[in-house]
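Q: Got a structure for you, questions after.
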4 protein chains.
Amino acid sequence: MSGSTYGNIFKIMTWGESHGSGVGVVIDGCPSGLPLCEKDIQDFLDRRKPGQSKFTTKRNESDQVEILSGVFEGVTTGTPISLMVRNQDQHSKDYGNLASIYRPGHADYTFEQKYGHRDYRGGGRSSGRETIGRVAAGAIASKILSTLGIQICTYTKAIGPVVIEPSDYHFEQIYENKLYMPNNEAAQKAGAYLSDLMKTLDSSGGSIECVITHMPVGIGETVFDKLDASLAKAIMSIGAVKAFEIGDGFEAASTIGSKNNDAFTVKNGKIEKETNHSGGILGGMSDGSPIILRAHIKPTPSISQEQHTVTKDAEPTSITIHGRHDPVIVPRAVVVVESMAAITLVDLLFQNMNSQMDGVVKFYED
Amino acid sequence: MSGSTYGNIFKIMTWGESHGSGVGVVIDGCPSGLPLCEKDIQDFLDRRKPGQSKFTTKRNESDQVEILSGVFEGVTTGTPISLMVRNQDQHSKDYGNLASIYRPGHADYTFEQKYGHRDYRGGGRSSGRETIGRVAAGAIASKILSTLGIQICTYTKAIGPVVIEPSDYHFEQIYENKLYMPNNEAAQKAGAYLSDLMKTLDSSGGSIECVITHMPVGIGETVFDKLDASLAKAIMSIGAVKAFEIGDGFEAASTIGSKNNDAFTVKNGKIEKETNHSGGILGGMSDGSPIILRAHIKPTPSISQEQHTVTKDAEPTSITIHGRHDPVIVPRAVVVVESMAAITLVDLLFQNMNSQMDGVVKFYED
Amino acid sequence: MSGSTYGNIFKIMTWGESHGSGVGVVIDGCPSGLPLCEKDIQDFLDRRKPGQSKFTTKRNESDQVEILSGVFEGVTTGTPISLMVRNQDQHSKDYGNLASIYRPGHADYTFEQKYGHRDYRGGGRSSGRETIGRVAAGAIASKILSTLGIQICTYTKAIGPVVIEPSDYHFEQIYENKLYMPNNEAAQKAGAYLSDLMKTLDSSGGSIECVITHMPVGIGETVFDKLDASLAKAIMSIGAVKAFEIGDGFEAASTIGSKNNDAFTVKNGKIEKETNHSGGILGGMSDGSPIILRAHIKPTPSISQEQHTVTKDAEPTSITIHGRHDPVIVPRAVVVVESMAAITLVDLLFQNMNSQMDGVVKFYED
Amino acid sequence: MSGSTYGNIFKIMTWGESHGSGVGVVIDGCPSGLPLCEKDIQDFLDRRKPGQSKFTTKRNESDQVEILSGVFEGVTTGTPISLMVRNQDQHSKDYGNLASIYRPGHADYTFEQKYGHRDYRGGGRSSGRETIGRVAAGAIASKILSTLGIQICTYTKAIGPVVIEPSDYHFEQIYENKLYMPNNEAAQKAGAYLSDLMKTLDSSGGSIECVITHMPVGIGETVFDKLDASLAKAIMSIGAVKAFEIGDGFEAASTIGSKNNDAFTVKNGKIEKETNHSGGILGGMSDGSPIILRAHIKPTPSISQEQHTVTKDAEPTSITIHGRHDPVIVPRAVVVVESMAAITLVDLLFQNMNSQMDGVVKFYED
């Protein structure tokens, strides 16, 4: 089956392995008339590229994107947009021993069982490089959102025990630290925590929060293709994400109805909610309040400590993973979360356009 | 757009409103040769039906299912299976005032904004009765899983502050209490908590856990249609679910790699994991350990306290919801979670069958 | 796999067997705000019902449709519309011997090979009654088209050797004869031809033509989901259709470019084509001229002559099919062709709405 | 919407314009374990490349394919296979005047109306070069079919008035003439006909036939995703195809049931049909006889005669198309028809694998 395809109307297909010729994505369903150049996409890719700080792998990958189709004279034409990033600086020799040993916490074992044959170099298709296609498509989706006046803000909310509470958010600081945290002080603490972990050859998990504002009301389809359900799939499909929340999320389970319900009110003649426990989604549709989601990410499984494992032939052995690995993937995953959210929102915005007969009639009137 | 359709190969389409003629589902893609009768489905529906205890609404809905197609001489034929439950005991008069007032925590406002015209009686399509179609299809999916030797066990893990830890699980007690909790003592505490809430006209949230055992290794598609991502969408599409976890879930964000990685080992000549922090999923594919997921559910929004809200015409008002409502929906949602998981697993098991050329060749050999 | 689902945005799932409880369809993706009542659908169903003339089977099926969901106070709500027709007057005894014998020209053999278990009564799922779901959904699609000012006209162009040339079309006569031919004289000839065939226990093929006018220009998606390709699938999916044409169709193969190209011209300030060899479609998109398609249908395979065939156990035998069968199915298939065309057009009209960024921006502006 | 995506399980997304950076395809859903190298694909591409004879455009495009992903050590891994052909030898200057003039018989006008902005150079996305992606994917599908013992044979049946009857087929001659006709003498006549047309700056239509043998019985899904309906969409989605037939096709409309029905018989203990009017498909499923389909193709619209047309601003004008164009596209389209058929068959073969519960159980047994 085809698991690398996503979206119903704004549809993407990603491809590529860590140590193959390259990675990329084709976007089928982008409207014509959107100004688009390689820099739009490169800016997004640069937010996930390695080597940004001492906490990200030092691989020298420039990850230059090339637009192969779908754009003419700087504007999209409505035809598929093919984007490619050539791989370079692959040290395939680093990975030779992985052909027959399964790394704990990685997809080696499950991939081998499913397919019987795999490109083991650098995780192959299960490598973090797979997300380049998502981010490249996300850059385009974000540009569409921004054209519609919708904003997305994504940041690192927690790294290991260092969690930033909303009262301490300083959104202007997100890009002032290498960890994309909305609080420079917390970022410093997290940095110290990571430095300690690096000394013990260990790694950390963390959490990412994403806030979407100015969404029209009513986006999301009823029953199965709800906005929250669609976002859940989008975000949980990112490798290493183990939990997903909307609004009060996890805490909603331990509270009571009178506290959790958001009263409706009228401000400046418009209907609004007094609070936002719902995280901007009611009945699977956007409710006009900011949409708030969180992704919780496990620690990088690639650690340089010796670990117990087995070989392909079911022989017990141990493995010490060398090579260059991030002690935490959360900062680089921020733009991946934002991209997947953006792609999902665009797809649901497009799906919403034929909800009412009136809207259809108006569209086709001269 | 069509939001009431789910699945790629084992595909379902649900329909129906709370106070219309009935609710139902069509399953397109069920293999032929599965023994199936109405009792198989009724047993599942009875687990979600109202009136099971004093904590569930007292509506006298017998919810009798009728198989309309797809089964001949007690066995499926491979053609669409249409299942219908007629509505009855609808007190439409209870809902008259809801035509023009938006209930807090409900889909009234967003539905009205999206569609401009809605069946406001009992929440219409956004009613909990919508889940009857899911559960009816889930009964069939569960029978397929069971034919393949795969088991699902689902239960209430928490109601409000009453949380059961794994060390206190007694799975044989799940069906001994009306709350479907794997610990009768905890169920008693939860019952007392709910009784108190009912006195204050309030409601409670809670959590459901689902454990799937004996899954073949390698189920789930890479990249977007990962097993965990697909389960996330399935579960988050159930109304009132606000958070979703796989395995260690949220806690993975605050731990370190050396603790979170599950070492591989060999038992009786077979590869297994020493621990199961991953919750049975690696790289988006089943890894042979039990799959563990949790759904966190908000308190029932229908409470009989007076609440601030607005009218359709953006006039502030207040509302007191009368009628029969569960102080907690978690126990009745247990079978809904199980159904959505089952449907998702069957779909991914079918999708997996052409993963390897060898499997395809063997299938088509005489 | 799920073969009874059709459409991307305006999505339908049909169900039911000839001699089961009933047949029906669920439409997921119909916009809200469309006035709809059972008569709208019944009028369409009556055009395909048996017993209209001596050339159609005399089964006394009233085929009364029931709207089960998706309509509130006479107007669609945007939720799935479930439509059901109960079966009645099934003479299951007529079909007993078909359990183990394969009728020539029918799906008995292939169905048995594919599924291993089948409802053999009256062809089961492969019966012509399967089209009731298509026509019920087609009635709704037609109402959407008509709201947008688009017209469809469908008629019998040929029965056996009686072919009506465009110069002899009298569209006002289509409903004046039982064969739905746009020429009463031809209908009379065709009637005589059919009467003769009935005497020799034989059956006839024929052709249906469908003309769609006032389509907006540019409907149809590039490459695979072209308007003509989509219509081809829609029409060829109707049982017994063996060939499909757009515009000049077959004849285009034997002509030359200078004759086949339609020159563009300007009429009343609007771009038009001087001729319409293209049948209203250029590059897979509607070009503003009438869309013209033809379906060519094989003779009814159920004939009462003795025929050679085999049993389930591969024993040669012969079969004489009794019961009530149409000597030609073409007249009753006219509304099926129209329905499938209408469903396809609506789906593509909806798909077209996000082709241009300008259209999306305008839609979401206040 | 996304019209460049095709297939449900074996899914492809094609991209690229005539004069952009290149053209390509991503295949998502190819099983692992298939030996695959660039030569496999190149051999297919070479059958459609220009410059093969004086009847095909003389553009010097080598059309070298590059496999970018999904293959490791010469064998597919089950991950997306990305294939790219760089464009070269584009004489963009040839097309400058087409920015504002609509060529008769081309997609210029409809594309402009749909998208508002288009790459007019060489037809952009509507160019024949779009089929490179189809053929590249078709090469892989064909290799899968051949692994399963299924054969496809495709050839030119007619060019203009030169039609080859089945009694004159000499399949061994197909590759002996540049027109891929199964009769060298007919090919010579067709060549003479084309030479004459070239002198008058005109072009010819023609017909392609495709025969598939050794298909398992029962492939194709009931109702909408029938084998014939799916093939119809596949073939009609190829630019310039105006009609499609299965088996007796068009002629079935004028015949009678007793002649059209294929009697079943037993040969060597196996069920077979005595004749094959059905073209190998009954009830939308393969019936064991050879599957026979025909595509009827219009004359190349690019002719060098002066033609009436209009400008973008609705001003009447005339156009004389210069540049290099095939007087007939049929011979180069042979491999495109074969490719689309192969892709469709593979997708339906995969879809069929979960038709019976027995097959599923056997697959998952150890």
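By convention here, the chains of the structure tokens are called A, B, ... in the order presented, each chain's residues are numbered starting at 1, and ligands are numbered starting at 1 in the order presented.
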Counting only C-alpha atoms, collect the residues of chain A whose closest atom lies at most 6 Å from chain C, and write them out as JSON, numbers by chain.

A: {"A": [31, 32, 33, 355, 356, 357]}

Q: Mind writing the picked residues with N, CA and C atoms as a compact mmCIF listing (two decimals), in the first residue's frame?

A:
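Output contents, as saved in out-v2.txt:
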```
# COMPACT_ATOMS: atom_id res chain seq x y z
N PRO A 31 -3.35 25.41 -5.82
CA PRO A 31 -4.03 26.29 -6.78
C PRO A 31 -3.02 27.06 -7.63
N SER A 32 -3.45 27.48 -8.79
CA SER A 32 -2.63 28.37 -9.61
C SER A 32 -2.66 29.77 -9.02
N GLY A 33 -1.69 30.56 -9.41
CA GLY A 33 -1.72 31.97 -9.03
C GLY A 33 -1.03 32.31 -7.73
N SER A 355 -19.32 23.18 1.21
CA SER A 355 -20.21 22.78 2.32
C SER A 355 -21.63 23.28 2.12
N GLN A 356 -21.76 24.46 1.53
CA GLN A 356 -23.09 25.03 1.37
C GLN A 356 -23.41 25.23 -0.12
N MET A 357 -24.62 24.93 -0.48
CA MET A 357 -25.07 25.12 -1.85
C MET A 357 -24.92 26.60 -2.25
```

Q: Return as a ChimeraX atom specification the full set of residues in segment 159-261 of chain A whose backbone-based DSSP assignment is helix (DSSP H, G or I).

A: /A:166-168,171-176,184-199,227-236,249-254,257-260

Q: Restricting the output to N, CA and C atoms, write the selected residues as a short mmCIF file (atom, residue, chain, number, x, y, z; two decimals), in the first residue's frame.

A:
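Everything below was put into selection16.cif:
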```
data_model
loop_
_atom_site.label_atom_id
_atom_site.label_comp_id
_atom_site.auth_asym_id
_atom_site.auth_seq_id
_atom_site.Cartn_x
_atom_site.Cartn_y
_atom_site.Cartn_z
N PRO A 166 2.53 28.71 30.01
CA PRO A 166 2.03 29.82 29.18
C PRO A 166 2.29 31.19 29.78
N SER A 167 2.26 31.28 31.09
CA SER A 167 2.50 32.59 31.71
C SER A 167 3.92 33.09 31.47
N ASP A 168 4.81 32.19 31.10
CA ASP A 168 6.20 32.58 30.84
C ASP A 168 6.54 32.70 29.36
N PHE A 171 6.90 35.20 23.03
CA PHE A 171 6.97 34.68 21.66
C PHE A 171 8.07 35.35 20.82
N GLU A 172 8.42 36.58 21.19
CA GLU A 172 9.46 37.25 20.40
C GLU A 172 10.83 36.61 20.61
N GLN A 173 10.94 35.76 21.61
CA GLN A 173 12.26 35.13 21.88
C GLN A 173 12.45 33.80 21.15
N ILE A 174 11.40 33.32 20.49
CA ILE A 174 11.49 31.99 19.85
C ILE A 174 12.69 31.87 18.94
N TYR A 175 12.92 32.90 18.14
CA TYR A 175 14.03 32.81 17.19
C TYR A 175 15.33 33.39 17.75
N GLU A 176 15.30 33.72 19.02
CA GLU A 176 16.54 34.26 19.64
C GLU A 176 17.40 33.15 20.23
N ASN A 184 14.05 32.67 26.63
CA ASN A 184 15.50 32.48 26.52
C ASN A 184 16.10 31.83 27.76
N GLU A 185 15.53 32.17 28.91
CA GLU A 185 16.06 31.61 30.14
C GLU A 185 15.84 30.09 30.19
N ALA A 186 14.65 29.70 29.84
CA ALA A 186 14.35 28.27 29.79
C ALA A 186 15.25 27.59 28.78
N ALA A 187 15.49 28.26 27.68
CA ALA A 187 16.35 27.68 26.64
C ALA A 187 17.75 27.45 27.19
N GLN A 188 18.20 28.38 28.03
CA GLN A 188 19.54 28.23 28.61
C GLN A 188 19.57 27.01 29.54
N LYS A 189 18.54 26.88 30.35
CA LYS A 189 18.45 25.72 31.24
C LYS A 189 18.40 24.44 30.44
N ALA A 190 17.61 24.43 29.39
CA ALA A 190 17.49 23.24 28.56
C ALA A 190 18.84 22.92 27.92
N GLY A 191 19.54 23.96 27.52
CA GLY A 191 20.87 23.78 26.93
C GLY A 191 21.83 23.10 27.91
N ALA A 192 21.79 23.55 29.14
CA ALA A 192 22.65 22.96 30.16
C ALA A 192 22.28 21.49 30.38
N TYR A 193 20.97 21.24 30.40
CA TYR A 193 20.49 19.87 30.57
C TYR A 193 21.00 18.97 29.45
N LEU A 194 20.92 19.49 28.23
CA LEU A 194 21.36 18.71 27.06
C LEU A 194 22.87 18.47 27.10
N SER A 195 23.62 19.50 27.51
CA SER A 195 25.08 19.34 27.58
C SER A 195 25.44 18.22 28.54
N ASP A 196 24.74 18.16 29.65
CA ASP A 196 24.98 17.08 30.61
C ASP A 196 24.67 15.72 30.00
N LEU A 197 23.55 15.63 29.30
CA LEU A 197 23.16 14.37 28.67
C LEU A 197 24.20 13.91 27.64
N MET A 198 24.75 14.89 26.91
CA MET A 198 25.74 14.55 25.89
C MET A 198 26.96 13.89 26.54
N LYS A 199 27.29 14.38 27.75
CA LYS A 199 28.45 13.80 28.44
C LYS A 199 28.20 12.34 28.79
N LEU A 227 -11.33 18.30 12.31
CA LEU A 227 -10.09 19.07 12.33
C LEU A 227 -9.10 18.49 13.32
N ASP A 228 -9.57 18.15 14.53
CA ASP A 228 -8.63 17.62 15.53
C ASP A 228 -8.14 16.23 15.15
N ALA A 229 -9.00 15.40 14.60
CA ALA A 229 -8.60 14.06 14.19
C ALA A 229 -7.57 14.15 13.06
N SER A 230 -7.81 15.06 12.12
CA SER A 230 -6.90 15.20 10.99
C SER A 230 -5.55 15.72 11.45
N LEU A 231 -5.57 16.69 12.37
CA LEU A 231 -4.30 17.19 12.91
C LEU A 231 -3.58 16.09 13.69
N ALA A 232 -4.34 15.28 14.40
CA ALA A 232 -3.73 14.20 15.18
C ALA A 232 -2.95 13.25 14.27
N LYS A 233 -3.57 12.87 13.17
CA LYS A 233 -2.87 11.97 12.25
C LYS A 233 -1.64 12.65 11.66
N ALA A 234 -1.81 13.89 11.26
CA ALA A 234 -0.71 14.64 10.65
C ALA A 234 0.50 14.68 11.59
N ILE A 235 0.24 14.99 12.84
CA ILE A 235 1.34 15.17 13.79
C ILE A 235 1.89 13.84 14.27
N MET A 236 1.01 12.88 14.53
CA MET A 236 1.47 11.56 15.00
C MET A 236 2.21 10.80 13.90
N GLY A 249 -6.45 19.21 26.48
CA GLY A 249 -5.93 17.87 26.21
C GLY A 249 -6.06 16.90 27.36
N PHE A 250 -4.94 16.35 27.74
CA PHE A 250 -4.81 15.37 28.80
C PHE A 250 -5.56 15.78 30.06
N GLU A 251 -5.50 17.07 30.38
CA GLU A 251 -6.12 17.54 31.62
C GLU A 251 -7.65 17.53 31.58
N ALA A 252 -8.20 17.51 30.39
CA ALA A 252 -9.66 17.49 30.27
C ALA A 252 -10.24 16.23 30.93
N ALA A 253 -9.42 15.16 31.00
CA ALA A 253 -9.90 13.90 31.55
C ALA A 253 -10.17 13.98 33.05
N SER A 254 -9.48 14.91 33.73
CA SER A 254 -9.61 14.94 35.19
C SER A 254 -10.41 16.14 35.68
N GLY A 257 -17.32 19.29 33.94
CA GLY A 257 -17.97 19.99 32.84
C GLY A 257 -18.12 21.48 33.05
N SER A 258 -18.48 21.87 34.26
CA SER A 258 -18.72 23.30 34.51
C SER A 258 -17.43 24.11 34.36
N LYS A 259 -16.30 23.47 34.55
CA LYS A 259 -15.03 24.18 34.35
C LYS A 259 -14.52 24.08 32.93
N ASN A 260 -14.84 22.98 32.28
CA ASN A 260 -14.27 22.72 30.95
C ASN A 260 -15.05 23.41 29.83
#
```

Q: Report as a list in words all protein, DNA and RNA residues lying within 9 Å of segment 302-307 of chain D, evaluated on only C-alpha atoms, omitting residues in the same chain fewer than 5 positions from it.

A: Gly257, Ser258, Asn261 and Ala263 of chain C; Arg103, Pro104, Gly105, His106, Thr200, Leu201, Asp202, Ser203, Thr317, Ser318, Ile319, Thr320, Ile321, His322, Gly323, His325, Asp326 and Pro327 of chain D

Q: Which polymer residues have any atom within 7 Å of an atom of Val334 of chain D, counting only C-alpha atoms, with same-chain residues fewer than 5 positions away left out, as a list in words?

A: Thr154, Tyr155, Thr156 and Ile208 of chain D

Q: Which of these residues is nearest to Asp225 of chain C, using only C-alpha atoms: C:Ala99, C:Leu345, C:Gly239, C:Lys273?

A: C:Leu345

Q: Skipping near chain neighbours, those fewer than 2 positions away, what residues fall within 9 Å of Ser142 of chain B using only C-alpha atoms, listed as a PyMOL selection string?

A: chain B and resi 137-140+144-147+150-152+338-339+342-343+346
